[in-house]
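Enquirer: Sharing work.csv, CSV, C-alpha atoms and all ligand atoms:
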```
chain,number,residue,atom,x,y,z
A,83,MET,CA,-53.3,-66.0,158.3
A,84,PRO,CA,-53.2,-65.8,162.1
A,85,ASP,CA,-53.8,-62.3,163.4
A,86,ASP,CA,-51.2,-61.8,166.0
A,87,LEU,CA,-52.8,-58.6,167.4
A,88,LEU,CA,-55.9,-60.6,168.6
A,89,ARG,CA,-53.8,-61.6,171.6
A,90,TYR,CA,-54.7,-58.2,173.1
A,91,ARG,CA,-58.4,-58.9,173.1
A,92,SER,CA,-58.4,-60.3,176.6
A,93,GLN,CA,-57.3,-57.0,177.9
A,94,PHE,CA,-60.5,-55.3,176.8
A,95,PRO,CA,-63.6,-56.7,178.7
A,96,ILE,CA,-66.2,-55.1,176.4
A,97,LEU,CA,-65.0,-57.3,173.5
A,98,GLU,CA,-66.5,-60.3,175.2
A,99,THR,CA,-70.1,-58.9,175.0
A,100,THR,CA,-70.2,-56.6,172.0
A,101,THR,CA,-69.1,-56.2,168.4
A,102,TYR,CA,-67.0,-53.2,169.2
A,103,LEU,CA,-66.5,-51.2,166.0
A,104,ILE,CA,-66.6,-47.7,167.4
A,105,SER,CA,-63.0,-46.8,168.3
A,106,ASN,CA,-63.4,-43.6,166.2
A,107,SER,CA,-65.7,-42.4,169.0
A,108,LEU,CA,-64.6,-44.1,172.2
A,109,GLY,CA,-61.9,-46.8,172.3
A,110,ALA,CA,-62.6,-49.9,174.4
A,111,MET,CA,-61.5,-49.6,178.0
A,112,PRO,CA,-58.4,-51.6,178.9
A,113,ARG,CA,-59.0,-53.9,181.9
A,114,ALA,CA,-56.0,-52.2,183.7
A,115,VAL,CA,-57.9,-48.9,184.0
A,116,ALA,CA,-59.7,-50.1,187.1
A,117,ASP,CA,-56.3,-50.8,188.8
A,118,SER,CA,-54.9,-47.5,187.7
A,119,LEU,CA,-57.9,-45.6,189.1
A,120,GLN,CA,-57.6,-47.6,192.3
A,121,ALA,CA,-53.9,-46.6,192.5
A,122,TYR,CA,-55.0,-43.0,192.3
A,123,ALA,CA,-57.5,-43.4,195.1
A,124,ASP,CA,-54.9,-45.3,197.2
A,125,LEU,CA,-52.3,-42.7,196.8
A,126,TRP,CA,-54.7,-39.9,197.6
A,127,GLY,CA,-56.0,-41.8,200.5
A,128,ALA,CA,-52.7,-42.7,202.0
A,129,ARG,CA,-50.5,-39.7,201.1
A,130,GLY,CA,-53.0,-36.8,200.9
A,131,VAL,CA,-51.5,-33.6,199.8
A,132,ARG,CA,-48.0,-35.2,199.7
A,133,ALA,CA,-49.1,-37.1,196.6
A,134,TRP,CA,-48.4,-33.9,194.6
A,135,GLU,CA,-44.8,-34.2,195.3
A,136,ASP,CA,-44.8,-38.0,195.1
A,137,LYS,CA,-46.3,-38.2,191.6
A,138,TRP,CA,-49.1,-35.8,190.7
A,139,TRP,CA,-47.2,-32.6,189.9
A,140,MET,CA,-45.3,-34.4,187.1
A,141,LEU,CA,-48.0,-36.7,186.0
A,142,ALA,CA,-49.3,-34.4,183.1
A,143,LEU,CA,-45.8,-34.3,181.8
A,144,GLU,CA,-45.4,-38.1,182.1
A,145,VAL,CA,-48.7,-38.6,180.1
A,146,GLY,CA,-47.7,-35.9,177.7
A,147,ASP,CA,-44.5,-37.7,177.0
A,148,GLN,CA,-46.3,-41.0,176.5
A,149,ILE,CA,-48.5,-39.4,173.9
A,150,GLY,CA,-45.6,-37.5,172.4
A,151,ALA,CA,-43.7,-40.8,172.0
A,152,LEU,CA,-46.5,-42.0,169.7
A,153,MET,CA,-46.0,-39.1,167.3
A,154,ASN,CA,-42.3,-38.6,167.5
A,155,ALA,CA,-42.6,-35.4,169.5
A,156,PRO,CA,-39.6,-34.6,171.7
A,157,ALA,CA,-40.0,-35.1,175.5
A,158,GLY,CA,-41.6,-32.1,177.2
A,159,SER,CA,-43.3,-30.8,174.0
A,160,VAL,CA,-46.8,-32.0,174.9
A,161,ASN,CA,-49.1,-30.3,177.4
A,162,ILE,CA,-52.4,-31.8,178.6
A,163,HIS,CA,-55.8,-30.2,178.8
A,164,GLN,CA,-59.3,-31.4,179.2
A,165,ASN,CA,-60.4,-31.5,175.6
A,166,VAL,CA,-59.4,-30.4,172.1
A,167,THR,CA,-61.5,-27.3,172.3
A,168,VAL,CA,-59.4,-26.0,175.2
A,169,CYS,CA,-56.2,-27.1,173.3
A,170,GLN,CA,-57.4,-25.0,170.3
A,171,ALA,CA,-58.1,-22.1,172.7
A,172,VAL,CA,-54.6,-22.2,174.2
A,173,ALA,CA,-53.0,-22.2,170.8
A,174,ALA,CA,-55.4,-19.5,169.5
A,175,SER,CA,-54.5,-17.3,172.5
A,176,CYS,CA,-50.9,-17.1,171.1
A,177,PHE,CA,-52.2,-15.1,168.1
A,178,ASP,CA,-53.0,-11.5,167.7
A,179,PHE,CA,-55.8,-10.9,165.2
A,180,SER,CA,-55.8,-7.1,165.3
A,181,GLY,CA,-53.5,-6.7,162.3
A,182,LYS,CA,-53.6,-7.5,158.6
A,183,ARG,CA,-52.5,-11.1,159.2
A,184,ASN,CA,-55.8,-12.2,160.7
A,185,LYS,CA,-57.1,-14.9,158.3
A,186,VAL,CA,-58.0,-18.4,159.7
A,187,VAL,CA,-58.2,-21.0,157.0
A,188,TYR,CA,-59.8,-24.4,157.3
A,189,ASP,CA,-62.1,-26.7,155.3
A,190,ASP,CA,-65.8,-27.3,155.9
A,191,LEU,CA,-65.0,-31.0,156.9
A,192,ASN,CA,-63.3,-29.8,160.0
A,193,PHE,CA,-64.8,-31.0,163.3
A,194,PRO,CA,-67.8,-28.8,164.0
A,195,GLY,CA,-66.7,-28.1,167.6
A,196,VAL,CA,-63.4,-26.7,166.3
A,197,MET,CA,-65.3,-24.5,163.8
A,198,TYR,CA,-67.6,-23.2,166.6
A,199,PHE,CA,-64.5,-22.1,168.5
A,200,TRP,CA,-62.9,-20.4,165.6
A,201,GLU,CA,-66.1,-18.7,164.4
A,202,ALA,CA,-66.3,-17.2,167.8
A,203,GLN,CA,-62.8,-15.7,167.4
A,204,ARG,CA,-64.3,-13.3,164.8
A,205,ARG,CA,-65.0,-11.1,167.9
A,206,ARG,CA,-61.2,-11.0,168.5
A,207,GLY,CA,-60.6,-9.9,164.9
A,208,ALA,CA,-60.1,-13.3,163.3
A,209,ARG,CA,-61.4,-13.6,159.7
A,210,VAL,CA,-62.5,-17.2,159.1
A,211,HIS,CA,-62.1,-18.5,155.5
A,212,MET,CA,-63.7,-21.9,155.0
A,213,VAL,CA,-62.8,-24.0,152.0
A,214,ALA,CA,-65.7,-26.0,150.7
A,215,THR,CA,-65.8,-29.7,149.8
A,216,ASP,CA,-67.6,-30.9,146.7
A,217,ASP,CA,-68.2,-34.5,147.6
A,218,GLY,CA,-68.4,-34.4,151.4
A,219,VAL,CA,-65.5,-36.8,151.6
A,220,HIS,CA,-62.4,-34.6,150.9
A,221,VAL,CA,-61.3,-31.1,150.0
A,222,PRO,CA,-58.8,-31.0,147.2
A,223,THR,CA,-55.4,-30.1,148.6
A,224,GLU,CA,-54.8,-27.5,145.9
A,225,ARG,CA,-57.9,-25.7,147.1
A,226,MET,CA,-56.5,-25.6,150.6
A,227,LEU,CA,-53.1,-24.4,149.4
A,228,ALA,CA,-54.7,-21.6,147.3
A,229,ALA,CA,-56.6,-20.3,150.3
A,230,ILE,CA,-53.5,-19.9,152.5
A,231,ASP,CA,-51.9,-16.6,151.8
A,232,GLU,CA,-49.8,-13.8,153.3
A,233,GLU,CA,-52.7,-12.7,155.4
A,234,THR,CA,-53.2,-16.1,156.9
A,235,ALA,CA,-52.3,-16.3,160.6
A,236,VAL,CA,-53.4,-19.9,161.3
A,237,VAL,CA,-54.6,-23.0,159.6
A,238,PRO,CA,-56.5,-25.3,162.2
A,239,ILE,CA,-57.2,-28.5,160.2
A,240,SER,CA,-57.9,-32.1,160.9
A,241,HIS,CA,-55.3,-34.6,159.8
A,242,VAL,CA,-58.0,-37.3,159.3
A,243,ILE,CA,-61.5,-36.0,158.6
A,244,PHE,CA,-64.0,-37.3,161.2
A,245,ARG,CA,-66.8,-37.8,158.7
A,246,SER,CA,-65.0,-39.7,155.9
A,247,ALA,CA,-61.6,-40.7,157.3
A,248,TYR,CA,-59.9,-38.9,154.4
A,249,ILE,CA,-56.3,-38.2,155.3
A,250,GLN,CA,-55.4,-34.7,154.4
A,251,ASP,CA,-52.0,-33.9,152.8
A,252,ALA,CA,-50.8,-32.3,156.0
A,253,LYS,CA,-47.2,-32.0,154.8
A,254,ALA,CA,-48.2,-30.0,151.7
A,255,ILE,CA,-50.5,-27.7,153.8
A,256,ILE,CA,-47.9,-27.1,156.4
A,257,GLU,CA,-45.2,-26.3,153.8
A,258,LYS,CA,-47.5,-23.8,152.1
A,259,ALA,CA,-48.4,-22.2,155.4
A,260,HIS,CA,-44.8,-21.9,156.4
A,261,ARG,CA,-43.9,-20.4,153.0
A,262,VAL,CA,-46.3,-17.5,153.7
A,263,GLY,CA,-45.6,-17.2,157.4
A,264,ALA,CA,-48.7,-18.9,158.7
A,265,ARG,CA,-49.0,-21.5,161.5
A,266,VAL,CA,-50.8,-24.8,161.4
A,267,ILE,CA,-52.7,-26.5,164.2
A,268,LEU,CA,-53.0,-30.1,163.2
A,269,ASP,CA,-55.9,-32.0,164.8
A,270,THR,CA,-54.6,-35.6,165.0
A,271,PHE,CA,-57.6,-36.9,167.1
A,272,GLN,CA,-58.7,-39.2,164.2
A,273,SER,CA,-55.2,-40.2,163.2
A,274,LEU,CA,-53.0,-40.8,166.2
A,275,GLY,CA,-53.2,-44.4,167.2
A,276,THR,CA,-54.5,-45.7,163.9
A,277,VAL,CA,-52.5,-43.8,161.3
A,278,PRO,CA,-48.7,-43.2,161.8
A,279,VAL,CA,-48.0,-39.6,162.7
A,280,ASP,CA,-44.5,-38.1,162.8
A,281,ILE,CA,-45.2,-34.6,164.0
A,282,THR,CA,-41.5,-33.6,163.8
A,283,ALA,CA,-41.2,-34.7,160.2
A,284,LEU,CA,-44.5,-33.0,159.3
A,285,GLY,CA,-43.2,-29.8,160.9
A,286,ALA,CA,-46.6,-28.8,162.4
A,287,ASP,CA,-46.5,-25.8,164.7
A,288,PHE,CA,-49.2,-27.3,167.0
A,289,ALA,CA,-50.9,-30.6,167.2
A,290,VAL,CA,-54.0,-31.3,169.2
A,291,GLY,CA,-56.1,-34.4,169.9
A,292,GLY,CA,-57.5,-36.6,172.7
A,293,VAL,CA,-56.9,-40.1,174.0
A,294,LEU,CA,-60.4,-41.3,174.2
A,295,LYS,CA,-60.7,-42.7,170.7
A,296,TRP,CA,-57.9,-44.6,169.0
A,297,LEU,CA,-55.7,-44.4,172.1
A,298,CYS,CA,-58.2,-46.2,174.4
A,299,GLY,CA,-57.4,-43.6,177.1
A,300,GLY,CA,-60.9,-42.4,178.2
A,301,ALA,CA,-62.3,-38.9,178.5
A,302,GLY,CA,-60.7,-35.8,180.0
A,303,VAL,CA,-57.2,-36.0,178.6
A,304,ALA,CA,-56.4,-34.0,175.4
A,305,TYR,CA,-52.9,-33.0,174.2
A,306,LEU,CA,-51.4,-29.9,172.8
A,307,TYR,CA,-48.0,-30.3,171.1
A,308,VAL,CA,-46.1,-27.1,170.4
A,309,ARG,CA,-43.0,-27.3,168.1
A,310,PRO,CA,-40.1,-26.9,170.5
A,311,ASP,CA,-38.2,-24.2,168.5
A,312,LEU,CA,-41.4,-22.2,168.4
A,313,ALA,CA,-42.5,-22.6,172.0
A,314,SER,CA,-40.3,-20.0,173.7
A,315,LYS,CA,-41.5,-17.4,171.2
A,316,LEU,CA,-45.1,-17.9,172.1
A,317,GLU,CA,-47.0,-16.4,175.0
A,318,PRO,CA,-50.5,-17.9,175.4
A,319,THR,CA,-53.0,-15.5,177.0
A,320,LEU,CA,-55.0,-18.5,178.1
A,321,THR,CA,-52.6,-19.4,180.9
A,322,GLY,CA,-52.3,-20.1,184.6
A,323,TRP,CA,-50.0,-20.8,187.4
A,324,PHE,CA,-48.8,-24.1,186.1
A,325,ALA,CA,-47.2,-22.2,183.2
A,326,HIS,CA,-45.2,-19.9,185.5
A,327,GLN,CA,-41.5,-20.0,185.7
A,328,GLU,CA,-41.7,-20.4,189.5
A,329,PRO,CA,-45.3,-21.4,190.3
A,330,PHE,CA,-44.6,-21.8,194.0
A,331,ALA,CA,-43.3,-18.2,194.3
A,332,PHE,CA,-46.9,-17.1,194.0
A,333,GLU,CA,-45.8,-13.8,192.5
A,334,THR,CA,-48.4,-11.1,191.9
A,335,GLY,CA,-48.7,-9.3,188.6
A,336,PRO,CA,-48.2,-10.7,185.1
A,337,ILE,CA,-47.0,-14.2,184.5
A,338,ARG,CA,-43.3,-15.0,183.8
A,339,TYR,CA,-43.7,-18.0,181.5
A,340,THR,CA,-41.7,-21.1,182.1
A,341,ASP,CA,-39.4,-22.3,179.3
A,342,GLY,CA,-40.0,-25.8,180.7
A,343,PRO,CA,-42.7,-28.3,179.6
A,344,TYR,CA,-45.7,-26.7,181.3
A,345,ARG,CA,-45.5,-23.4,179.3
A,346,PHE,CA,-48.8,-24.2,177.6
A,347,SER,CA,-50.6,-25.5,180.7
A,348,THR,CA,-53.2,-23.6,182.7
A,349,GLY,CA,-54.1,-24.9,186.2
A,350,THR,CA,-54.5,-28.1,188.2
A,351,SER,CA,-54.5,-31.3,186.2
A,352,ASN,CA,-57.4,-33.7,185.8
A,353,LEU,CA,-55.6,-36.4,187.8
A,354,PRO,CA,-58.1,-39.3,187.6
A,355,ALA,CA,-58.3,-38.9,183.8
A,356,LEU,CA,-54.5,-39.0,183.6
A,357,TYR,CA,-54.4,-42.2,185.6
A,358,ALA,CA,-57.2,-43.7,183.4
A,359,ALA,CA,-55.3,-42.7,180.2
A,360,GLN,CA,-52.1,-44.5,181.0
A,361,PRO,CA,-53.0,-48.2,180.4
A,362,GLY,CA,-54.3,-47.5,176.9
A,363,LEU,CA,-51.3,-45.5,175.9
A,364,LYS,CA,-49.0,-48.3,177.2
A,365,ILE,CA,-50.9,-50.9,175.1
A,366,ILE,CA,-50.8,-48.7,171.9
A,367,GLN,CA,-47.1,-48.2,172.4
A,368,GLU,CA,-46.6,-51.9,172.8
A,369,VAL,CA,-48.7,-52.9,169.8
A,370,GLY,CA,-47.1,-50.3,167.6
A,371,VAL,CA,-49.0,-47.9,165.4
A,372,GLU,CA,-47.3,-49.4,162.2
A,373,ASN,CA,-48.8,-52.8,163.1
A,374,ILE,CA,-52.2,-51.2,163.9
A,375,ARG,CA,-52.1,-49.4,160.6
A,376,LYS,CA,-51.3,-52.5,158.6
A,377,LYS,CA,-54.3,-54.3,160.1
A,378,SER,CA,-56.6,-51.3,159.7
A,379,GLU,CA,-55.8,-51.0,156.0
A,380,ARG,CA,-56.8,-54.6,155.5
A,381,GLN,CA,-60.0,-54.4,157.6
A,382,THR,CA,-61.2,-51.1,156.2
A,383,ALA,CA,-60.6,-52.5,152.7
A,384,ARG,CA,-62.7,-55.5,153.7
A,385,LEU,CA,-65.5,-53.3,155.0
A,386,ILE,CA,-65.6,-51.2,151.8
A,387,GLU,CA,-65.6,-54.4,149.7
A,388,LEU,CA,-68.6,-55.8,151.7
A,389,ALA,CA,-70.5,-52.5,151.6
A,390,GLU,CA,-70.0,-52.1,147.9
A,391,SER,CA,-71.0,-55.7,147.2
A,392,HIS,CA,-74.4,-54.7,148.7
A,393,GLY,CA,-74.5,-51.5,146.6
A,394,TRP,CA,-74.3,-49.2,149.6
A,395,ARG,CA,-72.7,-45.8,149.3
A,396,VAL,CA,-69.3,-45.6,150.9
A,397,ASN,CA,-68.2,-42.1,152.0
A,398,THR,CA,-64.6,-43.0,152.6
A,399,PRO,CA,-61.7,-42.9,150.2
A,400,ARG,CA,-61.0,-46.2,148.3
A,401,ASP,CA,-57.3,-45.4,148.2
A,402,PRO,CA,-55.7,-46.8,151.4
A,403,ALA,CA,-53.1,-44.1,151.3
A,404,GLN,CA,-55.9,-41.5,151.7
A,405,ARG,CA,-58.0,-43.5,154.2
A,406,GLY,CA,-57.8,-43.5,158.0
A,407,GLY,CA,-59.3,-46.1,160.3
A,408,THR,CA,-63.0,-45.6,159.7
A,409,VAL,CA,-65.4,-46.6,156.9
A,410,SER,CA,-68.6,-44.5,156.6
A,411,ILE,CA,-71.4,-46.4,154.9
A,412,ASP,CA,-74.5,-44.6,153.9
A,413,MET,CA,-76.9,-47.5,153.3
A,414,PRO,CA,-80.6,-46.7,153.0
A,415,ASN,CA,-82.2,-45.6,156.3
A,416,ALA,CA,-78.7,-45.4,157.8
A,417,LYS,CA,-79.8,-43.6,161.0
A,418,GLU,CA,-82.5,-46.2,161.7
A,419,VAL,CA,-80.1,-49.0,160.8
A,420,CYS,CA,-77.6,-47.7,163.3
A,421,ALA,CA,-80.2,-47.7,166.0
A,422,GLU,CA,-81.0,-51.3,165.3
A,423,LEU,CA,-77.3,-52.3,165.2
A,424,LEU,CA,-76.9,-50.8,168.7
A,425,LYS,CA,-79.8,-52.9,170.0
A,426,ARG,CA,-77.9,-55.9,168.9
A,427,ASP,CA,-74.8,-54.8,170.7
A,428,ILE,CA,-73.0,-54.0,167.4
A,429,LEU,CA,-71.5,-50.7,168.5
A,430,VAL,CA,-71.1,-48.2,165.7
A,431,ASP,CA,-72.4,-44.6,165.2
A,432,TYR,CA,-74.3,-42.5,162.7
A,433,ARG,CA,-73.2,-39.1,161.5
A,434,PRO,CA,-75.3,-36.9,159.1
A,435,ARG,CA,-73.7,-36.8,155.6
A,436,ALA,CA,-71.5,-39.7,156.5
A,437,GLY,CA,-73.7,-42.6,157.3
A,438,VAL,CA,-72.9,-45.4,159.7
A,439,ARG,CA,-69.3,-45.2,160.8
A,440,MET,CA,-67.5,-48.5,161.4
A,441,SER,CA,-64.1,-48.4,162.9
A,442,PRO,CA,-62.2,-51.6,163.5
A,443,HIS,CA,-59.1,-51.4,165.7
A,444,PHE,CA,-56.3,-53.7,166.5
A,445,TYR,CA,-58.5,-55.8,168.8
A,446,ASN,CA,-61.2,-56.6,166.2
A,447,GLN,CA,-61.6,-59.9,164.5
A,448,ASP,CA,-62.3,-60.1,160.8
A,449,GLU,CA,-65.4,-62.1,161.6
A,450,GLU,CA,-66.8,-59.1,163.4
A,451,LEU,CA,-66.9,-57.1,160.2
A,452,ASP,CA,-68.9,-59.9,158.6
A,453,THR,CA,-71.2,-60.0,161.6
A,454,ALA,CA,-71.9,-56.2,161.3
A,455,ILE,CA,-72.5,-56.2,157.6
A,456,ALA,CA,-74.8,-59.3,157.8
A,457,ALA,CA,-76.7,-57.6,160.5
A,458,VAL,CA,-77.2,-54.5,158.3
A,459,GLU,CA,-78.5,-56.8,155.5
A,460,GLU,CA,-80.9,-58.4,157.9
A,461,ILE,CA,-82.1,-55.1,159.3
A,462,LEU,CA,-82.7,-53.7,155.9
A,463,SER,CA,-84.6,-56.8,154.8
A,464,ALA,CA,-86.8,-56.6,157.9
A,465,MET,CA,-87.5,-53.0,157.1
A,466,LYS,CA,-88.4,-54.1,153.6
A,467,VAL,CA,-86.0,-51.7,152.2
A,468,PRO,CA,-84.4,-53.0,149.1
A,469,ALA,CA,-80.8,-53.8,150.0
A,470,ARG,CA,-79.7,-52.2,146.7
B,501,LIG,C1,-61.2,-34.5,164.7
B,501,LIG,C2,-61.9,-34.2,166.0
B,501,LIG,N1,-61.6,-33.0,166.6
B,501,LIG,C3,-62.1,-32.7,167.8
B,501,LIG,C4,-63.1,-33.5,168.4
B,501,LIG,C5,-63.8,-33.2,169.7
B,501,LIG,O1,-63.0,-32.4,170.5
B,501,LIG,P1,-63.3,-32.2,172.0
B,501,LIG,O2,-62.1,-32.8,172.7
B,501,LIG,O3,-63.2,-30.7,172.2
B,501,LIG,O4,-64.6,-32.7,172.4
B,501,LIG,C6,-63.4,-34.7,167.7
B,501,LIG,C7,-64.4,-35.6,168.4
B,501,LIG,O5,-65.1,-36.4,167.9
B,501,LIG,C8,-62.8,-35.0,166.5
B,501,LIG,O6,-63.2,-36.1,165.9
```
Rewrite the coordinates I just gave you, this time as structure tokens.
Ligand SMILES: Cc1ncc(COP(=O)(O)O)c(C=O)c1O
Expert:
Amino acid sequence: MPDDLLRYRSQFPILETTTYLISNSLGAMPRAVADSLQAYADLWGARGVRAWEDKWWMLALEVGDQIGALMNAPAGSVNIHQNVTVCQAVAASCFDFSGKRNKVVYDDLNFPGVMYFWEAQRRRGARVHMVATDDGVHVPTERMLAAIDEETAVVPISHVIFRSAYIQDAKAIIEKAHRVGARVILDTFQSLGTVPVDITALGADFAVGGVLKWLCGGAGVAYLYVRPDLASKLEPTLTGWFAHQEPFAFETGPIRYTDGPYRFSTGTSNLPALYAAQPGLKIIQEVGVENIRKKSERQTARLIELAESHGWRVNTPRDPAQRGGTVSIDMPNAKEVCAELLKRDILVDYRPRAGVRMSPHFYNQDEELDTAIAAVEEILSAMKVPAR
């Protein structure tokens, strides 16, 4: 069957020289990024400080809305920061952990950087409760639900687990949190762009993520969605002049928060990163996440089938409804195999307790999956490791 999405391949130069199966880490760069960055330099060069009024002041809002459109978030509900850690920190700064409601619940498959941030909030009174996985692939939803109680302030969890691509039942977790008065920060870094996300239907209080993986947007742009009906009730203490009601009044003393879109911003935007992010966002919007998902389900199923035919351990759910865009394959000597694949320009990565992660995106050909698996077979045979 012809694969209609392959028509986008020519927009990604690196696909000509590599087998690019690493969009879970860094999406391929769209060719148009070079022009976009040139446009930034041209505007800066020609217009200097006037560029703020021409374009730059509203650019973070523009990019926030482009990202928001991909997850059915209303216009103006997405703020931009440099990375997910900062997004978590801005969200966390809306909470007071000095009272009885100071519990922070997440699972031990959460992204480690997110854990490092929340563990450090113990000094602010947060009580971290980590729910354990048994199999390293998923955490039973019932276990998550049981841990969320009346003392829970916030539940910062991943929608799709970075190690295994397991899709958490975000809806059930959010509903339980809301029943007991807790808030949820949903990390959609590993879902948005490959798994459909409807943040309004999910009812998440916050959503965070970045554009550099499945959104092909490069480093330096991360998003923080805040549910619109909640936003005006929250006062982040990690704040800055962009979040002021009248930033150009340069008032002294405490901030008067804006009720407008930049309420959860801090200071000056990372402009070049915003320019670099736009072409990828435009392409993903055009391709459509539903189409990406359909192809991803097929290609990840194919990878699982190939890995299992070799007897390699697959640390990713078999059920497509529970599986994101990545397949983690723990073949013998996985770390060394990964290094060999990289030498052959087959771009994948290795994560402890996951194995080699392979992440086809809309621009990958089915044959590239066969190429990668055949290369693993060859590498293992050269290592004289029994393939099974
Ligand atoms: C689920 C998830 N959250 C967060 C991060 C990283 O966040 P940051 O933007 O702070 O580097 C990653 C990166 O791999 C991730 O997979």
Enquirer: Using all atoms listed in the file for the distances, tell me which of A:Pro112, A:Pro399, A:Gly302, A:Pro222 is nearest to ligand LIG 501 (chain B).
Expert: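 Using all atoms listed in the file, ligand LIG 501 (chain B) sits closest to A:Gly302.
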Enquirer: Counting all atoms listed in the file, what residues are within 9 Å of ligand LIG 501 (chain B), given as an MDAnalysis selection string?
Expert: chainID A and resid 106:108 164:170 192:196 239:245 269:273 290:292 294:295 301:304
Enquirer: Using all atoms listed in the file, can you tell me which of A:Pro310, A:Pro329, A:Gly109, A:Pro442 comes closest to Pro95 of chain A?
Expert: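 So, comparing all the options, the nearest one is A:Gly109.
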Enquirer: Which one is closest to Asn161 of chain A: A:Met197, A:Leu356, A:Leu423, A:Leu274? Count all atoms listed in the file.
Expert: A:Leu356
Enquirer: Could you work out how far atom CA of Ala464 of chain A lies from atom CA of Ser391 of chain A, giving the answer in Å with one decimal?
Expert: 19.1 Å
Enquirer: Residues of segment 300-418 of chain A that approach segment 139-156 of chain A to 7 Å or less, counting only C-alpha atoms: could you list each one with the shortest pair of atoms and its distance in Å to one decimal, rows by chain and increasing residue number, as a Markdown table?
Expert:
```
| residue | atom | partner | partner_atom | distance |
| --- | --- | --- | --- | --- |
| A:Tyr305 | CA | A:Gly146 | CA | 6.9 |
| A:Ser351 | CA | A:Ala142 | CA | 6.8 |
| A:Leu356 | CA | A:Val145 | CA | 6.8 |
| A:Gln360 | CA | A:Val145 | CA | 6.9 |
| A:Leu363 | CA | A:Gln148 | CA | 6.8 |
| A:Gln367 | CA | A:Leu152 | CA | 6.8 |
```
Enquirer: Mind filling out segment 185-196 of chain A with N, CA, C and O atoms and sending it as a PDB file, keeping the file's coordinate frame?
Expert:
```pdb
ATOM      1  N   LYS A 185     -56.248 -13.903 159.021  1.00  0.00           N
ATOM      2  CA  LYS A 185     -57.100 -14.900 158.300  1.00  0.00           C
ATOM      3  C   LYS A 185     -56.883 -16.289 158.981  1.00  0.00           C
ATOM      4  O   LYS A 185     -55.755 -16.673 159.295  1.00  0.00           O
ATOM      5  N   VAL A 186     -57.984 -16.996 159.145  1.00  0.00           N
ATOM      6  CA  VAL A 186     -58.000 -18.400 159.700  1.00  0.00           C
ATOM      7  C   VAL A 186     -58.536 -19.272 158.611  1.00  0.00           C
ATOM      8  O   VAL A 186     -59.688 -19.105 158.217  1.00  0.00           O
ATOM      9  N   VAL A 187     -57.738 -20.206 158.122  1.00  0.00           N
ATOM     10  CA  VAL A 187     -58.200 -21.000 157.000  1.00  0.00           C
ATOM     11  C   VAL A 187     -58.379 -22.484 157.428  1.00  0.00           C
ATOM     12  O   VAL A 187     -57.493 -23.082 158.041  1.00  0.00           O
ATOM     13  N   TYR A 188     -59.562 -22.994 157.128  1.00  0.00           N
ATOM     14  CA  TYR A 188     -59.800 -24.400 157.300  1.00  0.00           C
ATOM     15  C   TYR A 188     -60.876 -24.874 156.321  1.00  0.00           C
ATOM     16  O   TYR A 188     -61.474 -24.048 155.633  1.00  0.00           O
ATOM     17  N   ASP A 189     -61.131 -26.166 156.272  1.00  0.00           N
ATOM     18  CA  ASP A 189     -62.100 -26.700 155.300  1.00  0.00           C
ATOM     19  C   ASP A 189     -63.437 -26.970 156.063  1.00  0.00           C
ATOM     20  O   ASP A 189     -63.471 -27.056 157.294  1.00  0.00           O
ATOM     21  N   ASP A 190     -64.494 -27.120 155.290  1.00  0.00           N
ATOM     22  CA  ASP A 190     -65.800 -27.300 155.900  1.00  0.00           C
ATOM     23  C   ASP A 190     -66.022 -28.774 156.382  1.00  0.00           C
ATOM     24  O   ASP A 190     -67.124 -29.118 156.817  1.00  0.00           O
ATOM     25  N   LEU A 191     -64.979 -29.608 156.277  1.00  0.00           N
ATOM     26  CA  LEU A 191     -65.000 -31.000 156.900  1.00  0.00           C
ATOM     27  C   LEU A 191     -64.342 -30.997 158.214  1.00  0.00           C
ATOM     28  O   LEU A 191     -64.207 -32.064 158.818  1.00  0.00           O
ATOM     29  N   ASN A 192     -63.908 -29.850 158.670  1.00  0.00           N
ATOM     30  CA  ASN A 192     -63.300 -29.800 160.000  1.00  0.00           C
ATOM     31  C   ASN A 192     -64.321 -30.208 161.061  1.00  0.00           C
ATOM     32  O   ASN A 192     -65.532 -30.154 160.827  1.00  0.00           O
ATOM     33  N   PHE A 193     -63.836 -30.614 162.227  1.00  0.00           N
ATOM     34  CA  PHE A 193     -64.800 -31.000 163.300  1.00  0.00           C
ATOM     35  C   PHE A 193     -65.620 -29.794 163.696  1.00  0.00           C
ATOM     36  O   PHE A 193     -65.056 -28.739 163.993  1.00  0.00           O
ATOM     37  N   PRO A 194     -66.945 -29.922 163.722  1.00  0.00           N
ATOM     38  CA  PRO A 194     -67.800 -28.800 164.000  1.00  0.00           C
ATOM     39  C   PRO A 194     -67.421 -28.006 165.288  1.00  0.00           C
ATOM     40  O   PRO A 194     -67.423 -26.772 165.319  1.00  0.00           O
ATOM     41  N   GLY A 195     -67.081 -28.724 166.333  1.00  0.00           N
ATOM     42  CA  GLY A 195     -66.700 -28.100 167.600  1.00  0.00           C
ATOM     43  C   GLY A 195     -65.525 -27.124 167.416  1.00  0.00           C
ATOM     44  O   GLY A 195     -65.458 -26.047 168.029  1.00  0.00           O
ATOM     45  N   VAL A 196     -64.609 -27.530 166.559  1.00  0.00           N
ATOM     46  CA  VAL A 196     -63.400 -26.700 166.300  1.00  0.00           C
ATOM     47  C   VAL A 196     -63.875 -25.457 165.504  1.00  0.00           C
ATOM     48  O   VAL A 196     -63.416 -24.340 165.771  1.00  0.00           O
TER      49      VAL A 196
END
```
